[in-house]
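A.B. asks: Would you mind keeping the following structure in view while I ask a few things?
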Amino acid sequence: MLQLSFIRENKELTIKGLKKKRFKNPQQVIDELLALDNKRRETQTERDGVLARSNAISKEIGGLMKAGKKEEAEALKTETSTLKIREKELTESLNNYEKSLTEILYQIPNLPHESVPEGATAEDNEVVYESALAKNLPQMSEGALPHWELIKKYDIIDFDLGIKISGAGFPVYKGKGARLQRALVNFFLDEAVKAGYIEIQPPIVVNEDSGYATGQLPDKEGQMYFVNADGLYLIPTAEVPITNLYRDVILKEEELPIKNVGFTPCFRREAGSWGAHVRGLNRLHQFDKVEIVQITKPQNSYQTHQLMCDYVASILDKLELPYRILRLSGGDISFNAALCYDFEVYSAAQQRWLEVSSVSNFETFQANRLKLRYKDENGKTQLLHTLNGSALALPRILAALLENNQTPEGIKLPKVIHQYAGFETI
RNA sequence: AGAGGGAUGGCAGAGCGGUUUAAUGCGGCGGUCUUGAAAACCGUUGACUGUAACAGGUCCGGGGGUUCGAAUCCCUCUCCCUCUGCCA
């Protein structure tokens, strides 16, 4: 959520940013917002005055009662009744203004960083980096299979069993498939710990407050599984519980930056997002992901963003996968992010790029809802910047590993995984 | 799941209808003293809103009510603790 004070002081900048994000009617929405804000402040000033008067009278009555001057006290009481009525009216309209303001603010996306390219769709994303392997994309030999065939051939992932016990999009990993998943998770976690991230095992259900603080609620309510009896949401990503560890927290400067990594299953209803390109492991209701989260001082966040991207790139290099990095355009970037780089791995058999990671800087957008702040060197309380990225999501990595490494002799795993998996070939 | 108790500033903890502008202690910060440190002493120490700056206003788990006046009384929700039960 953007800060009202920022919008008030940077109106034109805000509108310009919203246009880049392809937000409709920015001028009109911001005008409306600021008009409401003015009314809110006028109302609050008046109400504060009424309350100040009431407080003074109450004190006076207290003194008179003590002194035994009952009649004078009674006389003052009559004045407060008028004040009380006015106060009630003002409080009610103040609440209404605040409610409307919050509703509008909830609908306004984060402003894009200046480096975000203009554009409406994924077509306008900018390729900023291609790995060495990506410059010579692997060509599959005759008879190469997509992963959804390979998993059957080697009996390592079973979608039909998943359908039987849960439903579509809940695969069952078996044998070497299960062991490879476990190996990849351990590899990702160990690498992150080596890079200085503190490992976190958070709950995988969260309450409503957490959903609001990281921005899943109120908009994306339908995207999360909901446990009705207890009012809990299954997390769509570890970002939600890990970032919420720092909700309503004022950190000390020396505690920064916060670097956390967590492995969790992720649950997504993906309502209405199924189509031709989501076969097999490309889109699931439940999948595993290792997520990195950082919290930094405002002045450091873009440098940190770059370091996080370098980190993700290093993992993909170690996995020997061809990948490229995209800088998302204003229209394609997520609601919350100021800057987002997508990592895509090339799937040779599908002849497609698969998104395996997004590394985003949210600046103060999440921190504002989280009330996540720190005391700066002048003792002032300031919002922090939050960042996160997948490092990495399992299914599409698995798909690419299977497809790109298939040979007549089986699927040859990259070297770094041998120790972790306990085998070299599937 | 049943019965009972509780939720107050970074922490501990008093206050139970009107100098609460929330006591006191610990911790933090600054100072005096000291070659330096410790100890002692003195001072200082929350968030939000608002203002050009003051002022003013809000916040004692959340929400609602009673009252001229609520941390304090009432209702309600949430969470925590103790005992009993169940259980990986």
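The chains in the structure tokens are called A, B, ... from first to last as shown; in each chain the residues are counted from 1, and the ligands are counted from 1 in the order shown.
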Fewer than 3 positions away in the same chain doesn't count, so skip those; otherwise give me all residues within 12 Å of stretch 85-87 of chain B, counting only C-alpha atoms (C1' of nucleotides), as a ChimeraX atom specification.

C.D. replies: /B:1-3

A.B. asks: With 12 Å as the cut-off and only C-alpha atoms (C1' of nucleotides) counted, what is the closest atom pair between each nearby residue of chain B and chain A? Distances in Å to one decimal, ordered by chain and number, as a tab-separated table.

C.D. replies:
```
residue	atom	partner	partner_atom	distance
B:G10	C1'	A:Ile250	CA	10.6
B:G17	C1'	A:Gly62	CA	10.9
B:G18	C1'	A:Gly62	CA	5.0
B:U19	C1'	A:Gly63	CA	9.6
B:G28	C1'	A:Lys252	CA	11.9
B:C29	C1'	A:Gly379	CA	10.9
B:U45	C1'	A:Gly379	CA	11.8
B:G46	C1'	A:Ile250	CA	11.3
B:A47	C1'	A:Thr381	CA	9.7
B:C48	C1'	A:Lys371	CA	11.1
B:U49	C1'	A:Gln44	CA	9.0
B:G50	C1'	A:Thr45	CA	7.8
B:U51	C1'	A:Thr45	CA	10.7
B:A55	C1'	A:Gly49	CA	10.9
B:G56	C1'	A:Asp48	CA	6.6
B:G57	C1'	A:Asp48	CA	4.8
B:U58	C1'	A:Asp48	CA	9.2
B:U67	C1'	A:Ser58	CA	10.8
B:C68	C1'	A:Lys77	CA	4.9
B:G69	C1'	A:Ser58	CA	5.3
B:U78	C1'	A:Asn207	CA	11.8
```

A.B. asks: Would you mind telling me which residue in A:Gly222, A:Pro414, A:Pro257, A:Pro203 lies nearest to A:Leu321 when using only C-alpha atoms?

C.D. replies: A:Pro414

A.B. asks: Run DSSP on the backbone and give me the residues of stretch 275-387 of chain A it puts in alpha helix (DSSP H), as an MDAnalysis selection string.

C.D. replies: chainID A and resid 301:318 365:370

A.B. asks: Keeping N, CA and C atoms, export the residues of the selection given above as a PDB file, in the first residue's frame.

C.D. replies:
```
ATOM      1  N   SER A 301      18.248  -1.097  -1.020  1.00  0.00           N
ATOM      2  CA  SER A 301      17.415  -2.168  -1.557  1.00  0.00           C
ATOM      3  C   SER A 301      17.744  -2.526  -3.004  1.00  0.00           C
ATOM      4  N   TYR A 302      18.149  -1.550  -3.801  1.00  0.00           N
ATOM      5  CA  TYR A 302      18.392  -1.884  -5.219  1.00  0.00           C
ATOM      6  C   TYR A 302      19.700  -2.649  -5.404  1.00  0.00           C
ATOM      7  N   GLN A 303      20.656  -2.320  -4.566  1.00  0.00           N
ATOM      8  CA  GLN A 303      21.898  -3.095  -4.578  1.00  0.00           C
ATOM      9  C   GLN A 303      21.592  -4.529  -4.132  1.00  0.00           C
ATOM     10  N   THR A 304      20.778  -4.644  -3.096  1.00  0.00           N
ATOM     11  CA  THR A 304      20.389  -5.968  -2.602  1.00  0.00           C
ATOM     12  C   THR A 304      19.628  -6.750  -3.665  1.00  0.00           C
ATOM     13  N   HIS A 305      18.753  -6.065  -4.373  1.00  0.00           N
ATOM     14  CA  HIS A 305      17.995  -6.717  -5.435  1.00  0.00           C
ATOM     15  C   HIS A 305      18.938  -7.349  -6.456  1.00  0.00           C
ATOM     16  N   GLN A 306      19.959  -6.591  -6.822  1.00  0.00           N
ATOM     17  CA  GLN A 306      20.933  -7.104  -7.782  1.00  0.00           C
ATOM     18  C   GLN A 306      21.670  -8.325  -7.225  1.00  0.00           C
ATOM     19  N   LEU A 307      22.036  -8.255  -5.935  1.00  0.00           N
ATOM     20  CA  LEU A 307      22.736  -9.378  -5.313  1.00  0.00           C
ATOM     21  C   LEU A 307      21.860 -10.621  -5.275  1.00  0.00           C
ATOM     22  N   MET A 308      20.566 -10.406  -5.023  1.00  0.00           N
ATOM     23  CA  MET A 308      19.644 -11.545  -4.992  1.00  0.00           C
ATOM     24  C   MET A 308      19.524 -12.171  -6.376  1.00  0.00           C
ATOM     25  N   CYS A 309      19.503 -11.324  -7.400  1.00  0.00           N
ATOM     26  CA  CYS A 309      19.448 -11.836  -8.773  1.00  0.00           C
ATOM     27  C   CYS A 309      20.719 -12.625  -9.096  1.00  0.00           C
ATOM     28  N   ASP A 310      21.853 -12.077  -8.690  1.00  0.00           N
ATOM     29  CA  ASP A 310      23.115 -12.779  -8.928  1.00  0.00           C
ATOM     30  C   ASP A 310      23.106 -14.134  -8.235  1.00  0.00           C
ATOM     31  N   TYR A 311      22.530 -14.141  -7.047  1.00  0.00           N
ATOM     32  CA  TYR A 311      22.470 -15.389  -6.291  1.00  0.00           C
ATOM     33  C   TYR A 311      21.631 -16.444  -7.037  1.00  0.00           C
ATOM     34  N   VAL A 312      20.450 -16.046  -7.475  1.00  0.00           N
ATOM     35  CA  VAL A 312      19.579 -16.987  -8.198  1.00  0.00           C
ATOM     36  C   VAL A 312      20.284 -17.473  -9.465  1.00  0.00           C
ATOM     37  N   ALA A 313      20.952 -16.554 -10.148  1.00  0.00           N
ATOM     38  CA  ALA A 313      21.671 -16.923 -11.367  1.00  0.00           C
ATOM     39  C   ALA A 313      22.741 -17.969 -11.065  1.00  0.00           C
ATOM     40  N   SER A 314      23.398 -17.800  -9.908  1.00  0.00           N
ATOM     41  CA  SER A 314      24.473 -18.745  -9.581  1.00  0.00           C
ATOM     42  C   SER A 314      23.925 -20.160  -9.374  1.00  0.00           C
ATOM     43  N   ILE A 315      22.729 -20.261  -8.834  1.00  0.00           N
ATOM     44  CA  ILE A 315      22.115 -21.576  -8.625  1.00  0.00           C
ATOM     45  C   ILE A 315      21.804 -22.218  -9.973  1.00  0.00           C
ATOM     46  N   LEU A 316      21.255 -21.411 -10.866  1.00  0.00           N
ATOM     47  CA  LEU A 316      20.896 -21.954 -12.176  1.00  0.00           C
ATOM     48  C   LEU A 316      22.153 -22.375 -12.946  1.00  0.00           C
ATOM     49  N   ASP A 317      23.216 -21.607 -12.773  1.00  0.00           N
ATOM     50  CA  ASP A 317      24.492 -21.993 -13.397  1.00  0.00           C
ATOM     51  C   ASP A 317      24.952 -23.352 -12.871  1.00  0.00           C
ATOM     52  N   LYS A 318      24.851 -23.512 -11.552  1.00  0.00           N
ATOM     53  CA  LYS A 318      25.298 -24.777 -10.959  1.00  0.00           C
ATOM     54  C   LYS A 318      24.443 -25.949 -11.436  1.00  0.00           C
ATOM     55  N   PHE A 365       6.174  -0.679  -0.109  1.00  0.00           N
ATOM     56  CA  PHE A 365       4.767  -1.027  -0.372  1.00  0.00           C
ATOM     57  C   PHE A 365       4.229  -2.070   0.612  1.00  0.00           C
ATOM     58  N   GLN A 366       5.015  -3.124   0.828  1.00  0.00           N
ATOM     59  CA  GLN A 366       4.595  -4.132   1.809  1.00  0.00           C
ATOM     60  C   GLN A 366       4.837  -3.627   3.230  1.00  0.00           C
ATOM     61  N   ALA A 367       5.979  -2.977   3.425  1.00  0.00           N
ATOM     62  CA  ALA A 367       6.350  -2.530   4.772  1.00  0.00           C
ATOM     63  C   ALA A 367       5.295  -1.599   5.348  1.00  0.00           C
ATOM     64  N   ASN A 368       4.649  -0.821   4.478  1.00  0.00           N
ATOM     65  CA  ASN A 368       3.621   0.099   4.939  1.00  0.00           C
ATOM     66  C   ASN A 368       2.444  -0.658   5.537  1.00  0.00           C
ATOM     67  N   ARG A 369       2.031  -1.735   4.887  1.00  0.00           N
ATOM     68  CA  ARG A 369       0.944  -2.535   5.445  1.00  0.00           C
ATOM     69  C   ARG A 369       1.419  -3.327   6.656  1.00  0.00           C
ATOM     70  N   LEU A 370       2.656  -3.787   6.577  1.00  0.00           N
ATOM     71  CA  LEU A 370       3.209  -4.588   7.675  1.00  0.00           C
ATOM     72  C   LEU A 370       3.491  -3.740   8.916  1.00  0.00           C
TER      73      LEU A 370
END
```

A.B. asks: For A:Ala400, which residue among A:Arg182, A:Lys20, A:Arg352, A:Arg8 is the nearest when counting only C-alpha atoms?

C.D. replies: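 Looking only at the distances to A:Ala400, the closest residue turns out to be A:Arg352.
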
A.B. asks: Find the residues around A:Asn110 up to 8 Å (only C-alpha atoms (C1' of nucleotides) counted), leave out those fewer than 5 positions away in its own chain, and share them as an MDAnalysis selection string.

C.D. replies: chainID A and resid 1:2 18 335:338 362 365

A.B. asks: Using only C-alpha atoms, which residue out of A:Glu123, A:Asp190, A:Glu32, A:Asp155 lies closest to A:Tyr420?

C.D. replies: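 Ranked by minimum distance to A:Tyr420, first place goes to A:Asp190.
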
A.B. asks: Which of stretch 195-395 of chain A counts as strand (DSSP E) under DSSP, as an MDAnalysis selection string please?

C.D. replies: chainID A and resid 198:200 205:206 226:227 232:234 249:251 258:267 286:296 323:327 339:347 352:363 372:375 381:383 385:393

A.B. asks: Enter the distance from atom CA of A:Gly262 to atom CA of A:Gly196, in Å, rounded to one decimal.

C.D. replies: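 Pair atom CA of A:Gly262 / atom CA of A:Gly196 returns 12.8 Å.
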
A.B. asks: What does the structure give for the distance between atom CA of A:Lys371 and atom CA of A:Val206, in Å to one decimal?

C.D. replies: 17.6 Å

A.B. asks: Which residue out of A:Asn96, A:Asn38, A:Thr102, A:Asn404 has the minimum interatomic distance to A:Glu320 when only C-alpha atoms are used?

C.D. replies: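 Between A:Asn96, A:Asn38, A:Thr102, A:Asn404, the residue approaching A:Glu320 most closely is A:Asn404.
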